[in-house]
>>> print(open('protein12.cif').read())   # mmCIF, C-alpha atoms
data_coords
#
loop_
_atom_site.label_atom_id
_atom_site.label_comp_id
_atom_site.auth_asym_id
_atom_site.auth_seq_id
_atom_site.Cartn_x
_atom_site.Cartn_y
_atom_site.Cartn_z
CA MET M 1340 67.14 33.98 -47.63
CA ASN M 1341 67.99 37.46 -46.23
CA ARG M 1342 70.70 36.22 -43.87
CA GLY M 1343 72.10 39.61 -42.87
CA ARG M 1344 68.66 41.16 -42.37
CA MET M 1345 67.48 38.21 -40.31
CA ILE M 1346 70.56 38.31 -38.07
CA LEU M 1347 70.06 42.08 -37.57
CA ALA M 1348 66.39 41.52 -36.69
CA MET M 1349 67.31 38.74 -34.27
CA ILE M 1350 69.93 40.94 -32.59
CA LEU M 1351 67.53 43.89 -32.25
CA THR M 1352 64.78 41.61 -30.94
CA TYR M 1353 67.12 40.16 -28.35
CA MET M 1354 68.26 43.66 -27.33
CA VAL M 1355 64.66 44.77 -26.68
CA PHE M 1356 64.00 41.72 -24.55
CA GLY M 1357 67.34 42.28 -22.80
CA ILE M 1358 66.03 45.69 -21.74
CA LEU M 1359 62.64 44.40 -20.59
CA LEU M 1360 63.59 41.12 -18.95
CA ASN M 1361 66.41 42.63 -16.94
CA SER M 1362 64.44 45.71 -15.92
CA VAL M 1363 62.97 43.64 -13.07
CA GLY M 1364 65.55 44.95 -10.59
CA THR M 1365 64.87 48.56 -11.57
CA VAL M 1366 61.10 48.03 -11.55
CA ILE M 1367 61.30 46.36 -8.12
CA LEU M 1368 63.09 49.43 -6.77
CA GLN M 1369 60.61 51.80 -8.43
CA SER M 1370 57.60 49.75 -7.28
CA ILE M 1371 58.82 49.86 -3.68
CA GLN M 1372 59.22 53.64 -3.88
CA GLY M 1373 56.29 54.48 -6.16
CA PHE M 1374 53.60 51.87 -5.50
CA GLY M 1375 54.34 51.45 -1.78
CA ILE M 1376 54.90 47.69 -1.76
CA ASP M 1377 57.40 45.76 0.38
CA LYS M 1378 60.29 43.53 -0.69
CA GLY M 1379 58.32 40.33 -0.16
CA GLN M 1380 55.63 41.48 -2.60
CA ALA M 1381 58.24 42.76 -5.04
CA SER M 1382 60.09 39.43 -5.08
CA ILE M 1383 57.23 37.77 -6.99
CA LEU M 1384 57.77 39.94 -10.09
CA GLU M 1385 60.46 37.56 -11.32
CA ALA M 1386 57.92 34.73 -11.14
CA PHE M 1387 55.42 36.69 -13.23
CA LYS M 1388 58.12 36.91 -15.89
CA ASP M 1389 59.74 33.50 -15.66
CA LEU M 1390 56.81 31.15 -15.09
CA PRO M 1391 55.04 32.24 -18.31
CA ILE M 1392 58.37 31.75 -20.12
CA ALA M 1393 58.56 28.19 -18.79
CA ILE M 1394 54.91 27.30 -19.44
CA VAL M 1395 54.60 28.83 -22.91
CA SER M 1396 57.92 27.49 -24.15
CA PHE M 1397 57.06 24.00 -22.88
CA LEU M 1398 53.67 24.01 -24.57
CA THR M 1399 54.63 25.66 -27.86
CA ALA M 1400 58.29 24.84 -28.59
CA ALA M 1401 57.49 21.63 -30.48
CA LEU M 1402 54.87 23.47 -32.56
CA MET M 1403 57.13 26.41 -33.43
CA PRO M 1404 58.52 24.99 -36.71
CA ARG M 1405 54.96 24.80 -38.05
CA LEU M 1406 54.06 28.32 -36.96
CA GLY M 1407 57.34 29.62 -38.38
CA TYR M 1408 60.22 31.11 -36.46
CA ARG M 1409 59.98 34.52 -38.15
CA ARG M 1410 56.23 34.75 -37.54
CA ALA M 1411 56.71 33.70 -33.90
CA MET M 1412 59.22 36.54 -33.39
CA MET M 1413 56.75 39.02 -34.88
CA LEU M 1414 53.96 37.71 -32.66
CA GLY M 1415 56.12 37.99 -29.54
CA LEU M 1416 57.17 41.55 -30.36
CA ALA M 1417 53.57 42.59 -31.05
CA LEU M 1418 52.42 41.14 -27.71
CA VAL M 1419 55.08 42.85 -25.64
CA GLY M 1420 54.71 46.10 -27.59
CA ALA M 1421 51.00 46.22 -26.70
CA ALA M 1422 51.78 45.57 -23.02
CA CYS M 1423 54.36 48.39 -23.02
CA ALA M 1424 51.82 50.78 -24.51
CA LEU M 1425 49.35 49.96 -21.71
CA MET M 1426 51.86 50.36 -18.87
CA PRO M 1427 51.81 54.21 -18.66
CA LEU M 1428 48.03 54.25 -19.12
CA LEU M 1429 47.29 51.79 -16.29
CA ALA M 1430 50.10 52.72 -13.91
CA SER M 1431 49.82 50.25 -11.03
CA PHE M 1432 51.57 47.25 -9.52
CA TRP M 1433 49.03 44.83 -11.02
CA MET M 1434 49.79 46.26 -14.48
CA THR M 1435 53.48 45.71 -13.74
CA LYS M 1436 52.69 42.04 -13.09
CA LEU M 1437 50.72 41.87 -16.34
CA LEU M 1438 53.57 43.50 -18.26
CA PHE M 1439 56.10 40.94 -17.04
CA ALA M 1440 53.68 38.08 -17.72
CA ALA M 1441 53.27 39.31 -21.30
CA THR M 1442 57.03 39.77 -21.61
CA GLY M 1443 57.58 36.23 -20.40
CA MET M 1444 55.09 34.74 -22.85
CA ALA M 1445 56.56 36.76 -25.70
CA PHE M 1446 60.13 35.82 -24.84
CA ALA M 1447 59.21 32.15 -24.85
CA LEU M 1448 58.23 32.52 -28.50
CA VAL M 1449 61.24 34.69 -29.32
CA LYS M 1450 63.97 32.65 -27.66
CA VAL M 1451 62.86 29.33 -29.14
CA SER M 1452 62.65 31.01 -32.54
CA VAL M 1453 66.01 32.80 -32.33
CA TYR M 1454 67.97 29.82 -31.02
CA SER M 1455 66.39 27.51 -33.58
CA SER M 1456 67.06 30.01 -36.37
CA ILE M 1457 70.77 30.10 -35.50
CA GLY M 1458 71.05 26.51 -36.69
CA LEU M 1459 69.40 27.49 -39.99
CA LEU M 1460 71.78 30.41 -40.54
CA THR M 1461 75.06 28.65 -39.69
CA GLU M 1462 77.09 25.60 -40.69
CA GLY M 1463 79.22 23.68 -38.19
CA LYS M 1464 79.88 24.02 -34.46
CA GLN M 1465 82.26 26.99 -34.73
CA GLN M 1466 79.81 29.17 -36.68
CA HIS M 1467 77.01 28.12 -34.34
CA ALA M 1468 79.00 29.00 -31.20
CA SER M 1469 80.15 32.28 -32.72
CA LEU M 1470 76.67 33.51 -33.71
CA THR M 1471 75.18 32.29 -30.41
CA SER M 1472 77.80 34.25 -28.42
CA THR M 1473 77.32 37.32 -30.63
CA ILE M 1474 73.53 37.39 -30.22
CA GLU M 1475 73.79 36.77 -26.46
CA GLY M 1476 76.42 39.53 -26.32
CA TRP M 1477 74.04 42.00 -27.94
CA PHE M 1478 71.36 40.84 -25.51
CA MET M 1479 73.63 42.10 -22.75
CA VAL M 1480 74.20 45.36 -24.63
CA GLY M 1481 70.41 45.72 -24.43
CA VAL M 1482 70.55 45.04 -20.70
CA LEU M 1483 73.22 47.74 -20.34
CA ALA M 1484 71.21 50.23 -22.40
CA GLY M 1485 68.14 49.44 -20.31
CA TYR M 1486 69.73 50.55 -17.05
CA TRP M 1487 70.57 53.97 -18.51
CA ILE M 1488 67.32 54.35 -20.44
CA PHE M 1489 65.25 53.66 -17.32
CA ALA M 1490 67.49 55.88 -15.18
CA TRP M 1491 67.07 58.72 -17.70
CA PHE M 1492 63.28 58.68 -17.19
CA ILE M 1493 63.49 58.59 -13.35
CA ASP M 1494 63.11 61.95 -11.60
CA PRO M 1495 66.14 62.15 -9.22
CA GLN M 1496 64.29 64.61 -6.97
CA SER M 1497 61.20 62.39 -6.71
CA PRO M 1498 62.15 58.79 -7.59
CA GLY M 1499 58.63 57.48 -7.05
CA ASP M 1500 57.07 59.92 -9.55
CA PRO M 1501 55.24 57.89 -12.25
CA VAL M 1502 56.98 59.97 -14.94
CA TRP M 1503 59.43 57.06 -15.25
CA LEU M 1504 56.67 54.99 -16.87
CA ARG M 1505 57.05 57.04 -20.06
CA VAL M 1506 59.99 54.78 -20.92
CA TYR M 1507 57.45 52.21 -22.08
CA TRP M 1508 56.21 54.46 -24.90
CA LEU M 1509 59.73 54.34 -26.33
CA LEU M 1510 59.95 50.56 -25.99
CA ALA M 1511 56.57 50.06 -27.68
CA ALA M 1512 57.76 52.12 -30.66
CA VAL M 1513 60.98 50.07 -30.95
CA CYS M 1514 58.97 46.82 -30.95
CA ALA M 1515 56.82 48.11 -33.80
CA ALA M 1516 59.91 49.03 -35.85
CA ILE M 1517 61.43 45.54 -35.46
CA VAL M 1518 58.15 43.89 -36.49
CA LEU M 1519 58.33 45.88 -39.73
CA LEU M 1520 61.95 44.76 -40.26
CA LEU M 1521 60.98 41.10 -39.79
CA ALA M 1522 58.00 41.52 -42.10
CA GLY M 1523 60.40 42.48 -44.87
CA SER M 1524 62.81 39.58 -44.22
CA HIS M 1525 62.84 35.96 -45.37
CA LEU M 1526 64.09 32.84 -43.57
CA ASP M 1527 64.33 29.39 -45.18
CA GLU M 1528 62.85 27.13 -42.49
CA ARG M 1529 62.46 23.91 -44.46
CA ALA M 1530 65.27 22.12 -42.57
CA ALA M 1531 63.41 22.69 -39.29
CA ARG M 1532 60.31 20.86 -40.47
CA ASP M 1533 61.05 17.19 -40.02
CA GLY M 1534 57.58 16.03 -41.07
CA HIS M 1535 56.70 14.55 -37.67
CA ALA M 1536 53.27 15.06 -36.20
CA ALA M 1537 52.92 17.76 -33.54
CA GLY M 1538 52.43 15.12 -30.85
CA ASP M 1539 55.64 13.36 -31.87
CA SER M 1540 57.54 16.65 -31.73
CA PHE M 1541 56.13 17.37 -28.28
CA LEU M 1542 57.14 13.93 -27.02
CA ASP M 1543 60.62 14.57 -28.39
CA MET M 1544 61.19 17.02 -25.52
CA PHE M 1545 60.71 14.17 -23.05
CA ARG M 1546 62.96 11.89 -25.08
CA LEU M 1547 65.69 14.53 -24.96
CA VAL M 1548 65.50 14.78 -21.16
CA ALA M 1549 66.25 11.07 -20.95
CA GLN M 1550 69.64 11.60 -22.61
CA PRO M 1551 72.42 11.96 -19.99
CA LEU M 1552 74.08 14.82 -21.91
CA VAL M 1553 70.85 16.81 -22.01
CA ALA M 1554 70.00 16.10 -18.35
CA VAL M 1555 73.38 17.35 -17.15
CA PHE M 1556 73.14 20.37 -19.44
CA LEU M 1557 69.72 21.33 -18.03
CA ALA M 1558 71.11 21.19 -14.49
CA SER M 1559 73.98 23.45 -15.58
CA ALA M 1560 71.61 25.95 -17.25
CA PHE M 1561 69.31 26.01 -14.19
CA LEU M 1562 72.20 26.75 -11.81
CA TYR M 1563 73.75 29.38 -14.06
CA VAL M 1564 70.53 31.36 -14.50
CA LEU M 1565 69.77 31.05 -10.78
CA ILE M 1566 73.07 32.80 -10.03
CA GLU M 1567 72.81 35.42 -12.77
CA GLN M 1568 69.24 36.45 -11.99
CA SER M 1569 69.76 36.53 -8.23
CA VAL M 1570 72.60 39.01 -8.73
CA GLY M 1571 71.13 41.00 -11.63
CA THR M 1572 67.62 41.38 -10.20
CA TRP M 1573 68.65 42.52 -6.74
CA LEU M 1574 71.78 44.52 -7.57
CA PRO M 1575 69.97 47.91 -7.78
CA THR M 1576 68.39 47.29 -4.36
CA PHE M 1577 71.79 46.16 -3.00
CA ASN M 1578 73.32 49.41 -4.27
CA ARG M 1579 70.56 51.49 -2.68
CA GLU M 1580 70.25 49.79 0.71
CA ILE M 1581 73.69 48.32 1.39
CA LEU M 1582 75.97 50.75 -0.46
CA HIS M 1583 73.67 53.75 0.23
CA LEU M 1584 73.73 55.09 -3.34
CA PRO M 1585 70.96 57.44 -4.52
CA THR M 1586 68.21 55.74 -6.51
CA THR M 1587 69.34 56.96 -9.94
CA MET M 1588 72.95 56.03 -9.19
CA SER M 1589 71.83 52.62 -7.88
CA VAL M 1590 70.24 51.81 -11.23
CA GLN M 1591 73.13 53.24 -13.24
CA ALA M 1592 75.76 51.45 -11.14
CA ALA M 1593 74.04 48.14 -11.86
CA SER M 1594 74.88 48.75 -15.52
CA ILE M 1595 78.48 47.83 -14.72
CA PHE M 1596 77.19 44.26 -14.32
CA ALA M 1597 75.59 44.45 -17.76
CA VAL M 1598 78.77 45.92 -19.30
CA SER M 1599 80.76 43.05 -17.83
CA LEU M 1600 78.34 40.47 -19.22
CA ALA M 1601 78.31 42.11 -22.65
CA LEU M 1602 82.10 42.30 -22.89
CA GLY M 1603 82.49 38.76 -21.61
CA ARG M 1604 80.02 37.31 -24.11
CA LEU M 1605 81.31 39.24 -27.09
CA GLY M 1606 84.84 38.18 -26.18
CA ALA M 1607 83.88 34.58 -25.48
CA GLY M 1608 83.69 33.78 -29.18
CA LEU M 1609 87.37 34.65 -29.55
CA ALA M 1610 88.45 32.83 -26.40
CA LEU M 1611 86.57 29.65 -27.28
CA ARG M 1612 88.51 29.36 -30.54
CA ARG M 1613 91.73 28.87 -28.58
CA VAL M 1614 90.73 27.47 -25.16
CA PRO M 1615 88.74 24.24 -24.54
CA TRP M 1616 85.26 25.30 -23.45
CA HIS M 1617 85.20 23.29 -20.21
CA TRP M 1618 88.51 24.74 -18.94
CA LEU M 1619 87.38 28.27 -19.73
CA LEU M 1620 84.04 27.82 -17.96
CA MET M 1621 85.48 26.13 -14.87
CA THR M 1622 88.05 28.93 -14.55
CA CYS M 1623 85.23 31.47 -14.84
CA VAL M 1624 83.19 29.86 -12.04
CA ALA M 1625 86.24 29.81 -9.75
CA ALA M 1626 86.88 33.50 -10.54
CA MET M 1627 83.24 34.34 -9.76
CA ALA M 1628 83.53 32.77 -6.32
CA ALA M 1629 86.82 34.57 -5.64
CA LEU M 1630 85.26 37.91 -6.57
CA VAL M 1631 82.35 37.35 -4.16
CA VAL M 1632 84.79 36.65 -1.33
CA VAL M 1633 86.89 39.72 -2.16
CA ALA M 1634 84.19 42.27 -3.04
CA LEU M 1635 81.45 41.80 -0.44
CA PRO M 1636 83.61 42.68 2.59
CA LEU M 1637 84.16 46.06 0.88
CA ALA M 1638 80.39 46.68 1.06
CA GLY M 1639 80.54 46.56 4.86
CA ASP M 1640 82.55 49.80 4.85
CA ALA M 1641 79.87 51.78 2.96
CA ARG M 1642 78.29 54.68 4.85
CA PRO M 1643 75.42 57.04 3.92
CA ASN M 1644 76.63 60.19 2.17
CA PRO M 1645 74.09 62.93 1.28
CA ALA M 1646 76.56 64.36 -1.26
CA MET M 1647 77.22 61.00 -2.96
CA THR M 1648 78.89 61.24 -6.37
CA TRP M 1649 80.62 58.73 -8.62
CA ALA M 1650 83.96 59.89 -7.26
CA HIS M 1651 82.86 59.09 -3.69
CA ALA M 1652 80.96 55.87 -4.40
CA PRO M 1653 82.09 52.80 -2.38
CA LEU M 1654 84.66 50.62 -4.11
CA ALA M 1655 82.24 47.67 -3.91
CA ALA M 1656 79.90 49.49 -6.33
CA TYR M 1657 82.57 49.09 -9.01
CA VAL M 1658 84.14 45.77 -8.00
CA PHE M 1659 81.22 43.43 -7.28
CA PRO M 1660 79.42 43.89 -10.65
CA LEU M 1661 82.59 42.69 -12.41
CA ILE M 1662 81.39 39.19 -11.56
CA GLY M 1663 79.47 39.47 -14.81
CA LEU M 1664 82.71 39.32 -16.80
CA PHE M 1665 83.27 35.77 -15.57
CA MET M 1666 79.61 34.72 -15.76
CA ALA M 1667 79.36 35.83 -19.37
CA PRO M 1668 80.88 32.94 -21.35
CA ILE M 1669 79.04 30.18 -19.46
CA TYR M 1670 75.47 30.33 -20.76
CA PRO M 1671 76.03 30.66 -24.53
CA ALA M 1672 78.85 28.09 -24.41
CA ILE M 1673 76.84 25.34 -22.73
CA ASN M 1674 73.84 26.08 -24.99
CA SER M 1675 75.98 25.78 -28.09
CA VAL M 1676 77.56 22.53 -26.86
CA VAL M 1677 74.20 20.78 -26.58
CA LEU M 1678 72.46 22.34 -29.62
CA SER M 1679 75.31 21.70 -32.05
CA SER M 1680 75.26 18.04 -30.98
CA LEU M 1681 71.65 17.62 -32.17
CA PRO M 1682 70.05 17.63 -35.66
CA LYS M 1683 68.39 20.91 -36.68
CA SER M 1684 64.94 19.34 -36.57
CA ARG M 1685 65.34 18.86 -32.78
CA HIS M 1686 66.60 22.37 -32.03
CA ALA M 1687 63.14 23.78 -31.28
CA ALA M 1688 62.37 21.02 -28.77
CA MET M 1689 65.80 21.39 -27.16
CA THR M 1690 65.48 25.16 -26.99
CA GLY M 1691 62.10 24.73 -25.33
CA LEU M 1692 63.79 22.73 -22.58
CA ILE M 1693 66.54 25.36 -22.31
CA VAL M 1694 63.95 28.10 -21.87
CA VAL M 1695 61.93 26.13 -19.31
CA PHE M 1696 64.87 25.33 -17.06
CA SER M 1697 66.39 28.79 -17.47
CA ALA M 1698 63.10 30.39 -16.44
CA LEU M 1699 62.76 28.12 -13.41
CA GLY M 1700 66.33 28.93 -12.41
CA GLY M 1701 65.71 32.67 -12.75
CA THR M 1702 62.53 32.58 -10.69
CA THR M 1703 64.14 30.45 -7.98
CA GLY M 1704 67.22 32.65 -7.73
CA SER M 1705 65.33 35.93 -7.60
CA PHE M 1706 62.73 34.68 -5.08
CA ILE M 1707 65.29 33.13 -2.72
CA THR M 1708 67.54 36.18 -2.87
CA GLY M 1709 64.59 38.51 -2.26
CA GLN M 1710 63.51 36.56 0.80
CA LEU M 1711 67.09 36.49 2.10
CA PHE M 1712 67.42 40.25 1.51
CA ALA M 1713 64.36 40.83 3.67
CA ARG M 1714 65.46 38.47 6.48
CA ILE M 1715 69.26 38.47 6.75
CA GLY M 1716 70.42 41.41 4.62
CA GLY M 1717 71.80 41.85 1.13
CA GLY M 1718 75.45 41.16 1.90
CA THR M 1719 74.76 37.76 3.44
CA ALA M 1720 72.26 36.92 0.67
CA PHE M 1721 74.94 37.41 -1.98
CA TYR M 1722 77.46 35.40 0.03
CA LEU M 1723 75.14 32.41 -0.22
CA SER M 1724 75.54 32.46 -4.02
CA LEU M 1725 78.77 30.52 -3.38
CA LEU M 1726 76.71 27.35 -2.90
CA PRO M 1727 75.14 27.24 -6.41
CA MET M 1728 78.54 28.24 -7.83
CA ALA M 1729 80.08 25.12 -6.32
CA LEU M 1730 77.27 23.00 -7.79
CA LEU M 1731 77.71 24.67 -11.19
CA LEU M 1732 81.41 23.80 -11.18
CA LEU M 1733 80.50 20.16 -10.64
CA ALA M 1734 77.80 20.28 -13.34
CA ILE M 1735 80.25 21.66 -15.94
CA ALA M 1736 82.70 18.85 -15.19
CA LEU M 1737 79.89 16.30 -15.67
CA LEU M 1738 78.77 18.05 -18.86
CA LYS M 1739 82.27 17.71 -20.29
CA ARG M 1740 82.27 13.99 -19.48
CA GLN M 1741 78.86 13.39 -21.07
CA SER M 1742 79.69 15.43 -24.19
CA GLY M 1743 82.86 13.38 -24.63
CA ARG M 1744 80.83 10.16 -24.41
CA ALA M 1745 78.30 11.50 -26.92
CA GLU M 1746 81.06 12.38 -29.41
CA ALA M 1747 82.64 8.94 -28.97
CA ALA M 1748 79.28 7.28 -29.63
CA VAL M 1749 78.77 9.30 -32.83
CA ALA M 1750 82.30 8.44 -34.01
CA ALA M 1751 81.76 4.72 -33.30
CA ALA M 1752 78.45 4.75 -35.21
CA ALA M 1753 80.15 6.37 -38.20
#
>>> encode(input="protein12.cif", output="structure tokens")
Amino acid sequence: MNRGRMILAMILTYMVFGILLNSVGTVILQSIQGFGIDKGQASILEAFKDLPIAIVSFLTAALMPRLGYRRAMMLGLALVGAACALMPLLASFWMTKLLFAATGMAFALVKVSVYSSIGLLTEGKQQHASLTSTIEGWFMVGVLAGYWIFAWFIDPQSPGDPVWLRVYWLLAAVCAAIVLLLAGSHLDERAARDGHAAGDSFLDMFRLVAQPLVAVFLASAFLYVLIEQSVGTWLPTFNREILHLPTTMSVQAASIFAVSLALGRLGAGLALRRVPWHWLLMTCVAAMAALVVVALPLAGDARPNPAMTWAHAPLAAYVFPLIGLFMAPIYPAINSVVLSSLPKSRHAAMTGLIVVFSALGGTTGSFITGQLFARIGGGTAFYLSLLPMALLLLAIALLKRQSGRAEAAVAAAA
């Protein structure tokens, strides 16, 4: 088994999807300026991405071990690469919807495959948590790169110029290169094939939901992604309309959020070796709420400035995106807690549930925030993120309780 090559391919695959999945905020801004749509229409783009993720992962996760995780990654990359190649040729808002639908379907295949492969490439909970945090960290590096790559293709003098669509030629070429890397790699997937019939594997997803630990975890994942996507998707528009930054700067400034997430996730592996996961995550949620309360009042002082530069940008443009530093450890940590508690043969089914509830959370967060942006303004919309943060704090406490009970049950059975 080519362990190093497979991990590299998984990291690169995740980076590409980090760029594409989190380009929604940039594409919303560009669609408003280039395709002449309003915020209400733009808010549905997240659904075109997330609903296919939920549907495809639900229908195919149990079948993935039989298809093969490596083949599923190659199929997902080929699908999204083809959609990227079509985007500059069929420049329109309907093609944008099609692109995100294809990206969602492809990511469903990729995420189930990557998360399930982690269990095949590691031994024990510490290795699992470490590789999970590393791959998720590189996902955020992809998100960060995406902000700057997209901004580089935008014409600052004419932001709506379709020249920015040329970025998709580059992304299509990268997808093709990773497919070739995966084609030359090998992954031993025998442990993932438990010999059950496909119908039994599909029903296993429903059996998992009935477990209290899994049910509480899914609520935690839903709430986390709701918060992350509501901030990440609408941050470029917040920068443009509330902080009055130029379009290119609005996209680039949103990269601070991605930097914070990347640093937080790459550092989470070190922190989790020394600090109990539930204390770290609960502290992070409390810090997120404190940052919202401190940073958003600064946005009220922002005024339009025709000569806007980084030196004159409002303080809120730098402070608010730091919320990502505290968000970062939560998602990979809770995923690792639940996956490392299950046998490897159930990882695909569990990952399917993770993807479904994450996608639903992302769609819900982006849609609600978009509607609030249009009706009550961006500042107030972001203030309301304090409510799901409070619920997430409660969910983490319940997750800790249920994981403790699960460990006690395993110990008693032994």
>>> residues_around(input="protein12.cif", residues="Gly1481 (chain M)", least_positions_apart="6", cutoff="12 Å", atoms="only C-alpha atoms", output="VMD selection string")
chain M and resid 1350 to 1362 1474 to 1475 1487 to 1489 1510 1594 1597 to 1598 1600 to 1601
>>> closest_atom_pairs(input="protein12.cif", of="region 1635-1710 of chain M", to="region 1397-1413 of chain M", cutoff="10 Å", atoms="all atoms listed in the file", output="Markdown table")
| residue | atom | partner | partner_atom | distance |
| --- | --- | --- | --- | --- |
| M:Ser1684 | CA | M:Pro1404 | CA | 8.6 |
| M:Arg1685 | CA | M:Ala1401 | CA | 8.6 |
| M:His1686 | CA | M:Ala1401 | CA | 9.3 |
| M:Ala1687 | CA | M:Ala1400 | CA | 5.6 |
| M:Ala1688 | CA | M:Ala1401 | CA | 5.2 |
| M:Met1689 | CA | M:Ala1400 | CA | 8.4 |
| M:Thr1690 | CA | M:Ala1400 | CA | 7.4 |
| M:Gly1691 | CA | M:Ala1400 | CA | 5.0 |
| M:Leu1692 | CA | M:Phe1397 | CA | 6.9 |
| M:Ile1693 | CA | M:Phe1397 | CA | 9.6 |
| M:Val1694 | CA | M:Phe1397 | CA | 8.1 |
| M:Val1695 | CA | M:Phe1397 | CA | 6.4 |
| M:Phe1696 | CA | M:Phe1397 | CA | 9.8 |
>>> atom_distance(input="protein12.cif", atom1="CA of Pro1615 (chain M)", atom2="CA of Leu1723 (chain M)")
29.0 Å
>>> residues_around(input="protein12.cif", residues="region 1639-1653 of chain M", least_positions_apart="3", cutoff="6 Å", atoms="all atoms listed in the file", output="list in words")
Leu1582, His1583, Pro1636 and Ala1656 of chain M
>>> closest_atom_pairs(input="protein12.cif", of="region 1558-1675 of chain M", to="region 1727-1749 of chain M", cutoff="8 Å", atoms="only C-alpha atoms", output="tab-separated table")
residue	atom	partner	partner_atom	distance
M:Ala1558	CA	M:Ala1734	CA	6.8
M:Ser1559	CA	M:Ala1734	CA	5.4
M:Leu1562	CA	M:Leu1731	CA	5.9
M:Tyr1563	CA	M:Leu1731	CA	6.8
M:Leu1565	CA	M:Pro1727	CA	7.9
M:Ile1566	CA	M:Pro1727	CA	7.0
M:His1617	CA	M:Lys1739	CA	6.3
M:Leu1620	CA	M:Ile1735	CA	7.5
M:Met1621	CA	M:Leu1732	CA	6.0
M:Val1624	CA	M:Leu1732	CA	6.4
M:Ala1625	CA	M:Leu1732	CA	7.8
M:Met1627	CA	M:Met1728	CA	7.9
M:Ala1628	CA	M:Met1728	CA	6.9
>>> residues_around(input="protein12.cif", residues="region 1456-1461 of chain M", least_positions_apart="4", cutoff="7 Å", atoms="only C-alpha atoms", output="list in words")
Arg1342, Tyr1408, Ser1452, Gln1466, His1467 and Lys1683 of chain M
>>> residues_around(input="protein12.cif", residues="Leu1605 (chain M)", least_positions_apart="4", cutoff="10 Å", atoms="all atoms listed in the file", output="NGL selection string")
:M and (1469-1477 or 1479-1480 or 1600-1601 or 1609-1610 or 1667-1668)
>>> write_last_selection(input="protein12.cif", atoms="C-alpha atoms", output="CSV table (one decimal), in the frame of the given file")
chain,number,residue,atom,x,y,z
M,1469,SER,CA,80.2,32.3,-32.7
M,1470,LEU,CA,76.7,33.5,-33.7
M,1471,THR,CA,75.2,32.3,-30.4
M,1472,SER,CA,77.8,34.2,-28.4
M,1473,THR,CA,77.3,37.3,-30.6
M,1474,ILE,CA,73.5,37.4,-30.2
M,1475,GLU,CA,73.8,36.8,-26.5
M,1476,GLY,CA,76.4,39.5,-26.3
M,1477,TRP,CA,74.0,42.0,-27.9
M,1479,MET,CA,73.6,42.1,-22.8
M,1480,VAL,CA,74.2,45.4,-24.6
M,1600,LEU,CA,78.3,40.5,-19.2
M,1601,ALA,CA,78.3,42.1,-22.6
M,1609,LEU,CA,87.4,34.6,-29.6
M,1610,ALA,CA,88.4,32.8,-26.4
M,1667,ALA,CA,79.4,35.8,-19.4
M,1668,PRO,CA,80.9,32.9,-21.4
